[in-house]
$ cat coords_24.csv   # CSV, N, CA and C atoms
chain,number,residue,atom,x,y,z
U,1,MET,N,73.5,173.4,31.4
U,1,MET,CA,74.6,173.2,30.4
U,1,MET,C,75.6,172.2,31.0
U,2,GLU,N,76.0,171.3,30.1
U,2,GLU,CA,77.1,170.4,30.5
U,2,GLU,C,78.1,170.4,29.3
U,3,VAL,N,79.3,170.5,29.6
U,3,VAL,CA,80.3,170.5,28.5
U,3,VAL,C,81.6,169.8,28.9
U,4,THR,N,82.2,169.1,28.0
U,4,THR,CA,83.5,168.5,28.2
U,4,THR,C,84.5,169.3,27.4
U,5,TYR,N,85.6,169.7,28.1
U,5,TYR,CA,86.6,170.6,27.4
U,5,TYR,C,88.0,170.3,27.8
U,6,LEU,N,88.9,170.6,26.9
U,6,LEU,CA,90.3,170.6,27.2
U,6,LEU,C,90.7,171.9,27.9
U,7,LEU,N,91.7,171.9,28.8
U,7,LEU,CA,92.1,173.2,29.4
U,7,LEU,C,92.5,174.3,28.4
U,8,SER,N,92.9,173.9,27.3
U,8,SER,CA,93.3,174.8,26.2
U,8,SER,C,92.1,175.5,25.6
U,9,GLU,N,90.9,175.0,25.9
U,9,GLU,CA,89.6,175.6,25.4
U,9,GLU,C,88.9,176.4,26.5
U,10,ILE,N,89.5,176.7,27.6
U,10,ILE,CA,88.9,177.3,28.8
U,10,ILE,C,88.3,178.7,28.5
U,11,ASP,N,88.9,179.4,27.6
U,11,ASP,CA,88.4,180.8,27.3
U,11,ASP,C,87.1,180.7,26.7
U,12,THR,N,86.9,179.7,25.8
U,12,THR,CA,85.6,179.5,25.1
U,12,THR,C,84.5,179.1,26.2
U,13,VAL,N,84.9,178.2,27.1
U,13,VAL,CA,84.0,177.8,28.1
U,13,VAL,C,83.6,179.0,29.0
U,14,ALA,N,84.5,179.8,29.4
U,14,ALA,CA,84.2,181.0,30.2
U,14,ALA,C,83.2,181.9,29.5
U,15,GLN,N,83.4,182.1,28.3
U,15,GLN,CA,82.5,183.0,27.5
U,15,GLN,C,81.1,182.4,27.5
U,16,LYS,N,81.0,181.1,27.3
U,16,LYS,CA,79.7,180.5,27.3
U,16,LYS,C,79.0,180.6,28.7
U,17,LEU,N,79.8,180.4,29.7
U,17,LEU,CA,79.2,180.6,31.1
U,17,LEU,C,78.7,182.0,31.3
U,18,LEU,N,79.4,183.0,30.9
U,18,LEU,CA,78.9,184.3,31.1
U,18,LEU,C,77.7,184.6,30.3
U,19,GLU,N,77.6,184.1,29.1
U,19,GLU,CA,76.4,184.3,28.3
U,19,GLU,C,75.2,183.6,28.8
U,20,ARG,N,75.4,182.5,29.5
U,20,ARG,CA,74.2,181.7,30.0
U,20,ARG,C,73.9,181.9,31.4
U,21,SER,N,74.7,182.7,32.1
U,21,SER,CA,74.5,182.9,33.5
U,21,SER,C,73.2,183.7,33.8
U,22,GLY,N,72.4,183.3,34.7
U,22,GLY,CA,71.2,184.0,35.1
U,22,GLY,C,71.4,184.7,36.4
U,23,SER,N,72.6,184.6,36.9
U,23,SER,CA,72.9,185.3,38.2
U,23,SER,C,74.4,185.8,38.1
U,24,LYS,N,74.6,186.8,38.9
U,24,LYS,CA,76.0,187.3,39.0
U,24,LYS,C,76.8,186.6,40.1
U,25,THR,N,76.2,185.7,40.8
U,25,THR,CA,76.8,184.9,41.8
U,25,THR,C,77.0,183.5,41.3
U,26,LEU,N,78.3,183.1,41.1
U,26,LEU,CA,78.6,181.8,40.6
U,26,LEU,C,79.3,181.0,41.7
U,27,LEU,N,78.9,179.8,41.9
U,27,LEU,CA,79.4,178.9,43.0
U,27,LEU,C,80.2,177.8,42.3
U,28,PHE,N,81.5,177.7,42.6
U,28,PHE,CA,82.4,176.8,42.0
U,28,PHE,C,82.7,175.6,42.9
U,29,TYR,N,82.3,174.4,42.4
U,29,TYR,CA,82.5,173.1,43.1
U,29,TYR,C,83.5,172.3,42.4
U,30,GLY,N,84.3,171.5,43.1
U,30,GLY,CA,85.2,170.6,42.4
U,30,GLY,C,86.3,170.3,43.4
U,31,GLU,N,86.9,169.2,43.2
U,31,GLU,CA,88.0,168.8,44.1
U,31,GLU,C,89.2,169.7,43.9
U,32,MET,N,90.2,169.6,44.8
U,32,MET,CA,91.4,170.4,44.7
U,32,MET,C,92.1,170.1,43.4
U,33,GLY,N,92.5,171.1,42.7
U,33,GLY,CA,93.2,170.8,41.4
U,33,GLY,C,92.3,170.6,40.2
U,34,ALA,N,91.0,170.7,40.4
U,34,ALA,CA,90.0,170.5,39.3
U,34,ALA,C,90.1,171.7,38.3
U,35,GLY,N,90.5,172.9,38.7
U,35,GLY,CA,90.5,174.0,37.8
U,35,GLY,C,89.6,175.1,38.1
U,36,LYS,N,89.1,175.2,39.3
U,36,LYS,CA,88.2,176.3,39.7
U,36,LYS,C,88.8,177.7,39.5
U,37,THR,N,90.0,177.8,40.1
U,37,THR,CA,90.7,179.1,39.9
U,37,THR,C,91.1,179.4,38.5
U,38,THR,N,91.5,178.4,37.8
U,38,THR,CA,91.8,178.6,36.3
U,38,THR,C,90.6,179.1,35.5
U,39,LEU,N,89.5,178.5,35.8
U,39,LEU,CA,88.2,178.9,35.1
U,39,LEU,C,87.9,180.3,35.5
U,40,ILE,N,88.0,180.7,36.8
U,40,ILE,CA,87.7,182.0,37.3
U,40,ILE,C,88.7,183.0,36.6
U,41,LYS,N,89.9,182.7,36.4
U,41,LYS,CA,90.8,183.6,35.7
U,41,LYS,C,90.4,183.8,34.3
U,42,ALA,N,89.9,182.8,33.6
U,42,ALA,CA,89.4,182.9,32.3
U,42,ALA,C,88.1,183.8,32.3
U,43,LEU,N,87.3,183.6,33.3
U,43,LEU,CA,86.1,184.5,33.4
U,43,LEU,C,86.5,186.0,33.6
U,44,LEU,N,87.5,186.2,34.4
U,44,LEU,CA,87.9,187.6,34.6
U,44,LEU,C,88.5,188.2,33.3
U,45,LYS,N,89.2,187.4,32.6
U,45,LYS,CA,89.7,187.8,31.3
U,45,LYS,C,88.6,188.1,30.3
U,46,ALA,N,87.6,187.3,30.3
U,46,ALA,CA,86.4,187.5,29.4
U,46,ALA,C,85.6,188.7,29.8
U,47,LEU,N,85.6,189.1,31.1
U,47,LEU,CA,85.0,190.3,31.6
U,47,LEU,C,85.8,191.6,31.4
U,48,GLY,N,87.1,191.4,30.9
U,48,GLY,CA,87.9,192.5,30.6
U,48,GLY,C,88.8,193.0,31.8
U,49,ALA,N,89.1,192.1,32.7
U,49,ALA,CA,90.0,192.5,33.8
U,49,ALA,C,91.4,192.6,33.3
U,50,VAL,N,92.1,193.6,33.8
U,50,VAL,CA,93.5,193.8,33.4
U,50,VAL,C,94.4,192.9,34.2
U,51,ASP,N,94.1,192.8,35.5
U,51,ASP,CA,94.9,192.0,36.4
U,51,ASP,C,94.0,190.8,36.8
U,52,ILE,N,94.4,189.6,36.5
U,52,ILE,CA,93.6,188.4,36.8
U,52,ILE,C,94.2,187.7,38.0
U,53,GLY,N,95.2,188.2,38.6
U,53,GLY,CA,95.8,187.8,39.9
U,53,GLY,C,95.8,186.3,40.2
U,54,SER,N,95.5,186.0,41.4
U,54,SER,CA,95.7,184.6,41.9
U,54,SER,C,94.5,184.3,42.8
U,55,SER,N,94.4,183.1,43.3
U,55,SER,CA,93.4,182.7,44.2
U,55,SER,C,93.5,183.4,45.6
U,56,PRO,N,92.4,183.9,46.1
U,56,PRO,CA,92.5,184.6,47.4
U,56,PRO,C,92.4,183.6,48.6
U,57,THR,N,93.1,182.5,48.5
U,57,THR,CA,93.1,181.5,49.5
U,57,THR,C,93.4,182.0,50.9
U,58,PHE,N,94.4,182.9,51.0
U,58,PHE,CA,94.8,183.4,52.3
U,58,PHE,C,94.0,184.7,52.7
U,59,SER,N,93.6,185.5,51.7
U,59,SER,CA,92.9,186.8,52.0
U,59,SER,C,91.4,186.6,52.0
U,60,LEU,N,90.9,185.5,51.6
U,60,LEU,CA,89.5,185.1,51.4
U,60,LEU,C,88.8,185.8,50.2
U,61,VAL,N,89.2,187.0,49.9
U,61,VAL,CA,88.6,187.7,48.8
U,61,VAL,C,89.6,188.6,48.0
U,62,ASN,N,89.5,188.5,46.7
U,62,ASN,CA,90.2,189.5,45.9
U,62,ASN,C,89.2,190.2,45.1
U,63,VAL,N,89.3,191.5,44.9
U,63,VAL,CA,88.4,192.3,44.2
U,63,VAL,C,89.1,192.8,42.9
U,64,TYR,N,88.4,192.6,41.8
U,64,TYR,CA,88.9,193.0,40.5
U,64,TYR,C,88.0,194.0,39.8
U,65,GLU,N,88.6,195.0,39.2
U,65,GLU,CA,87.8,195.9,38.4
U,65,GLU,C,87.9,195.5,36.9
U,66,THR,N,86.8,195.3,36.2
U,66,THR,CA,86.8,194.9,34.8
U,66,THR,C,86.0,195.9,34.0
U,67,GLU,N,86.1,195.7,32.7
U,67,GLU,CA,85.3,196.5,31.8
U,67,GLU,C,83.8,196.3,32.0
U,68,ASN,N,83.4,195.2,32.7
U,68,ASN,CA,82.0,194.9,32.9
U,68,ASN,C,81.6,194.9,34.4
U,69,GLY,N,82.3,195.7,35.1
U,69,GLY,CA,82.0,195.9,36.5
U,69,GLY,C,83.0,195.2,37.5
U,70,THR,N,82.7,195.3,38.7
U,70,THR,CA,83.5,194.8,39.8
U,70,THR,C,83.3,193.3,40.0
U,71,VAL,N,84.3,192.5,40.2
U,71,VAL,CA,84.2,191.1,40.5
U,71,VAL,C,84.8,190.8,41.8
U,72,ASN,N,84.1,190.1,42.7
U,72,ASN,CA,84.6,189.7,44.0
U,72,ASN,C,84.9,188.2,43.9
U,73,HIS,N,86.1,187.8,44.1
U,73,HIS,CA,86.5,186.4,44.0
U,73,HIS,C,86.8,185.9,45.4
U,74,PHE,N,86.0,184.9,45.8
U,74,PHE,CA,86.2,184.4,47.2
U,74,PHE,C,86.7,182.9,47.1
U,75,ASP,N,87.5,182.6,48.1
U,75,ASP,CA,88.0,181.2,48.2
U,75,ASP,C,87.9,180.9,49.7
U,76,PHE,N,86.9,180.0,50.0
U,76,PHE,CA,86.6,179.7,51.4
U,76,PHE,C,87.2,178.4,51.9
U,77,TYR,N,88.2,177.9,51.1
U,77,TYR,CA,88.8,176.6,51.4
U,77,TYR,C,89.3,176.5,52.9
U,78,ARG,N,89.9,177.6,53.3
U,78,ARG,CA,90.6,177.6,54.6
U,78,ARG,C,89.7,178.0,55.8
U,79,ILE,N,88.5,178.4,55.6
U,79,ILE,CA,87.6,178.8,56.7
U,79,ILE,C,87.2,177.5,57.5
U,80,ASN,N,87.0,177.7,58.8
U,80,ASN,CA,86.6,176.6,59.6
U,80,ASN,C,85.1,176.7,60.0
U,81,ASP,N,84.5,177.9,59.9
U,81,ASP,CA,83.2,178.1,60.3
U,81,ASP,C,82.6,179.3,59.4
U,82,GLU,N,81.3,179.2,59.2
U,82,GLU,CA,80.6,180.3,58.4
U,82,GLU,C,80.7,181.6,59.0
U,83,SER,N,80.9,181.7,60.3
U,83,SER,CA,81.0,182.9,61.0
U,83,SER,C,82.2,183.8,60.5
U,84,GLU,N,83.2,183.1,60.0
U,84,GLU,CA,84.4,183.8,59.4
U,84,GLU,C,84.0,184.6,58.2
U,85,ALA,N,83.1,184.1,57.4
U,85,ALA,CA,82.5,184.8,56.2
U,85,ALA,C,81.7,186.0,56.7
U,86,TRP,N,80.9,185.7,57.7
U,86,TRP,CA,80.0,186.8,58.3
U,86,TRP,C,80.9,187.9,58.8
U,87,ASP,N,82.0,187.6,59.5
U,87,ASP,CA,82.8,188.6,60.1
U,87,ASP,C,83.5,189.4,59.1
U,88,MET,N,83.8,188.9,57.9
U,88,MET,CA,84.5,189.7,56.9
U,88,MET,C,83.5,190.6,56.1
U,89,GLY,N,82.2,190.5,56.4
U,89,GLY,CA,81.2,191.3,55.7
U,89,GLY,C,80.8,190.7,54.4
U,90,PHE,N,80.8,189.3,54.3
U,90,PHE,CA,80.5,188.6,53.1
U,90,PHE,C,79.1,189.0,52.5
U,91,GLU,N,78.1,189.1,53.4
U,91,GLU,CA,76.8,189.4,53.0
U,91,GLU,C,76.7,190.8,52.3
U,92,GLU,N,77.5,191.7,52.6
U,92,GLU,CA,77.6,193.0,51.9
U,92,GLU,C,78.1,192.9,50.5
U,93,TYR,N,79.1,192.0,50.3
U,93,TYR,CA,79.5,191.7,49.0
U,93,TYR,C,78.4,191.1,48.1
U,94,LEU,N,77.7,190.2,48.7
U,94,LEU,CA,76.6,189.5,48.0
U,94,LEU,C,75.5,190.5,47.6
U,95,GLU,N,75.3,191.5,48.4
U,95,GLU,CA,74.2,192.5,48.1
U,95,GLU,C,74.7,193.7,47.3
U,96,SER,N,76.0,193.7,46.9
U,96,SER,CA,76.6,194.8,46.1
U,96,SER,C,76.1,194.9,44.7
U,97,GLY,N,75.6,193.8,44.1
U,97,GLY,CA,75.2,193.9,42.7
U,97,GLY,C,76.4,193.5,41.8
U,98,ASN,N,77.5,193.3,42.4
U,98,ASN,CA,78.7,192.9,41.6
U,98,ASN,C,78.7,191.4,41.3
U,99,TRP,N,79.6,191.0,40.4
U,99,TRP,CA,79.9,189.6,40.2
U,99,TRP,C,80.5,189.0,41.4
U,100,ASN,N,80.1,187.8,41.8
U,100,ASN,CA,80.7,187.1,43.0
U,100,ASN,C,81.0,185.7,42.5
U,101,PHE,N,82.3,185.4,42.5
U,101,PHE,CA,82.8,184.1,42.1
U,101,PHE,C,83.2,183.4,43.4
U,102,ILE,N,82.6,182.3,43.8
U,102,ILE,CA,82.9,181.7,45.1
U,102,ILE,C,83.4,180.3,45.0
U,103,GLU,N,84.6,180.1,45.4
U,103,GLU,CA,85.2,178.7,45.5
U,103,GLU,C,84.9,178.1,46.9
U,104,TRP,N,84.6,176.9,46.9
U,104,TRP,CA,84.3,176.1,48.1
U,104,TRP,C,83.0,176.6,48.8
U,105,PRO,N,82.0,176.8,48.0
U,105,PRO,CA,80.7,177.4,48.6
U,105,PRO,C,80.1,176.4,49.6
U,106,GLN,N,80.4,175.1,49.6
U,106,GLN,CA,79.9,174.2,50.6
U,106,GLN,C,80.3,174.6,52.0
U,107,LYS,N,81.3,175.5,52.2
U,107,LYS,CA,81.7,176.0,53.5
U,107,LYS,C,80.8,177.1,54.0
U,108,ILE,N,79.9,177.6,53.2
U,108,ILE,CA,79.1,178.8,53.5
U,108,ILE,C,77.6,178.5,53.1
U,109,GLN,N,77.2,177.3,53.4
U,109,GLN,CA,75.8,176.9,53.0
U,109,GLN,C,74.7,177.8,53.3
U,110,ASN,N,74.7,178.5,54.4
U,110,ASN,CA,73.6,179.4,54.8
U,110,ASN,C,73.6,180.7,54.1
U,111,PHE,N,74.6,181.0,53.3
U,111,PHE,CA,74.7,182.2,52.5
U,111,PHE,C,74.2,181.9,51.1
U,112,ILE,N,74.1,180.7,50.7
U,112,ILE,CA,73.7,180.4,49.3
U,112,ILE,C,72.2,180.6,49.1
U,113,GLU,N,71.9,181.3,48.0
U,113,GLU,CA,70.5,181.6,47.6
U,113,GLU,C,70.1,180.8,46.5
U,114,GLU,N,68.8,180.6,46.3
U,114,GLU,CA,68.2,179.8,45.3
U,114,GLU,C,68.6,180.1,43.9
U,115,GLY,N,68.8,181.4,43.6
U,115,GLY,CA,69.1,181.8,42.2
U,115,GLY,C,70.6,181.8,41.9
U,116,ASP,N,71.4,181.5,42.9
U,116,ASP,CA,72.9,181.4,42.6
U,116,ASP,C,73.2,180.2,41.6
U,117,GLN,N,74.1,180.5,40.7
U,117,GLN,CA,74.4,179.5,39.7
U,117,GLN,C,75.5,178.6,40.2
U,118,LYS,N,75.3,177.3,40.0
U,118,LYS,CA,76.3,176.3,40.4
U,118,LYS,C,77.1,175.8,39.2
U,119,VAL,N,78.5,175.8,39.5
U,119,VAL,CA,79.4,175.4,38.5
U,119,VAL,C,80.2,174.2,39.1
U,120,GLU,N,80.0,173.0,38.5
U,120,GLU,CA,80.8,171.9,39.1
U,120,GLU,C,81.8,171.5,38.0
U,121,ILE,N,83.0,171.3,38.4
U,121,ILE,CA,84.1,170.9,37.5
U,121,ILE,C,84.6,169.5,38.0
U,122,LEU,N,84.6,168.6,37.0
U,122,LEU,CA,85.1,167.2,37.3
U,122,LEU,C,86.3,167.0,36.4
U,123,ILE,N,87.3,166.3,37.0
U,123,ILE,CA,88.5,165.9,36.3
U,123,ILE,C,88.2,164.6,35.6
U,124,LEU,N,88.4,164.6,34.3
U,124,LEU,CA,88.2,163.3,33.5
U,124,LEU,C,89.6,162.7,33.2
U,125,GLU,N,90.5,163.6,32.8
U,125,GLU,CA,91.9,163.2,32.5
U,125,GLU,C,92.7,164.4,32.8
U,126,ASN,N,94.0,164.2,32.6
U,126,ASN,CA,95.0,165.3,33.0
U,126,ASN,C,94.6,166.7,32.4
U,127,GLU,N,94.2,166.8,31.2
U,127,GLU,CA,93.9,168.0,30.6
U,127,GLU,C,92.4,168.1,30.2
U,128,LEU,N,91.6,167.2,30.6
U,128,LEU,CA,90.2,167.1,30.2
U,128,LEU,C,89.3,167.3,31.4
U,129,ARG,N,88.3,168.2,31.2
U,129,ARG,CA,87.4,168.4,32.3
U,129,ARG,C,85.9,168.3,31.8
U,130,LYS,N,85.1,168.1,32.8
U,130,LYS,CA,83.6,168.1,32.5
U,130,LYS,C,83.1,169.2,33.4
U,131,LEU,N,82.3,170.1,32.8
U,131,LEU,CA,81.7,171.2,33.6
U,131,LEU,C,80.2,171.0,33.5
U,132,LYS,N,79.6,171.1,34.7
U,132,LYS,CA,78.1,171.1,34.8
U,132,LYS,C,77.7,172.5,35.4
U,133,PHE,N,76.8,173.1,34.7
U,133,PHE,CA,76.4,174.5,35.0
U,133,PHE,C,74.9,174.5,35.2
U,134,CYS,N,74.4,174.8,36.4
U,134,CYS,CA,72.9,174.9,36.6
U,134,CYS,C,72.6,176.0,37.6
$ encode --input "coords_24.csv" --output "structure tokens"
Amino acid sequence: MEVTYLLSEIDTVAQKLLERSGSKTLLFYGEMGAGKTTLIKALLKALGAVDIGSSPTFSLVNVYETENGTVNHFDFYRINDESEAWDMGFEEYLESGNWNFIEWPQKIQNFIEEGDQKVEILILENELRKLKFC
């Protein structure tokens, strides 16, 4: 799936992503400021989360309870080595059967599995994005 959207249309894009996802682990790629966290907040909203919080940049993971199960939101921007993910028990999160939304997955290459869904966000203009989902 490839879609160009305005940030004001992000809730619709989030719903489409959830409908088309073949995995509960979504990997979010995009430069700083592309809208990864914004899209994840829209996904949390679509899943029925009451608290959509903020990016877990400093804690590495935020866990949300939704009407559709638990969501683990990871942000690995600040890690220096994959061992930091291993030390926090990241593999257990992946094996939990919960949704896993992962920002900066390129920092944890050895944890990525073949069936994980990749979401790439590209900035086209100030309020315009292109999303590639595979």
$ atom_distance --input "coords_24.csv" --atom1 "atom N of U:Gly33" --atom2 "atom N of U:Asn126"
12.3 Å
$ atom_distance --input "coords_24.csv" --atom1 "atom N of U:Tyr5" --atom2 "atom C of U:Phe111"
28.4 Å
$ select_by_dssp --input "coords_24.csv" --residues "stretch 34-123 of chain U" --states "strand (DSSP E)" --output "number ranges by chain"
U: 61-66, 69-75, 99-103, 117-123
$ closest_residue --input "coords_24.csv" --among "U:Lys24, U:Arg129, U:His73, U:Lys16" --to "U:Thr37" --atoms "only C-alpha atoms"
U:His73
$ residues_around --input "coords_24.csv" --residues "U:Asp75" --least-positions-apart "4" --cutoff "7 Å" --atoms "only C-alpha atoms" --output "list in words"
Ser55, Pro56, Thr57, Leu60, Val61, Ile102, Glu103 and Trp104 of chain U
$ residues_around --input "coords_24.csv" --residues "U:Leu44" --least-positions-apart "4" --cutoff "8 Å" --atoms "only N, CA and C atoms" --output "list in words"
Ala14, Thr38, Leu39, Ile40, Gly48, Ala49, Val50, Asp51, Ile52, Thr66, Glu67 and Val71 of chain U
$ select_by_dssp --input "coords_24.csv" --residues "stretch 16-98 of chain U" --states "helix (DSSP H, G or I)" --output "list in words"
Lys16, Leu17, Leu18, Glu19, Arg20, Lys36, Thr37, Thr38, Leu39, Ile40, Lys41, Ala42, Leu43, Leu44, Lys45, Ala46, Glu82, Ser83, Glu84, Ala85, Trp86, Asp87, Phe90, Glu91, Glu92, Tyr93 and Leu94 of chain U
$ atom_distance --input "coords_24.csv" --atom1 "atom N of U:Thr12" --atom2 "atom C of U:Ala42"
7.8 Å
$ closest_residue --input "coords_24.csv" --among "U:Val63, U:Asp11, U:Phe133, U:Leu27" --to "U:Leu43" --atoms "all atoms listed in the file"
U:Asp11
$ closest_residue --input "coords_24.csv" --among "U:Asn68, U:Asn62, U:Asp116, U:Glu31" --to "U:Ala46" --atoms "only N, CA and C atoms"
U:Asn68
$ closest_residue --input "coords_24.csv" --among "U:Gln117, U:Ser54, U:Asn100, U:Asn80" --to "U:Ser21" --atoms "all atoms listed in the file"
U:Gln117
$ closest_residue --input "coords_24.csv" --among "U:Leu18, U:Ile10, U:Met88, U:Cys134" --to "U:Lys36" --atoms "only C-alpha atoms"
U:Ile10
$ closest_residue --input "coords_24.csv" --among "U:Trp99, U:Tyr93, U:Asp81, U:Glu2" --to "U:Gly69" --atoms "all atoms listed in the file"
U:Trp99
$ residues_around --input "coords_24.csv" --residues "U:Ile108" --least-positions-apart "4" --cutoff "8 Å" --atoms "all atoms listed in the file" --output "ChimeraX atom specification"
/U:76,81-83,85,104,112
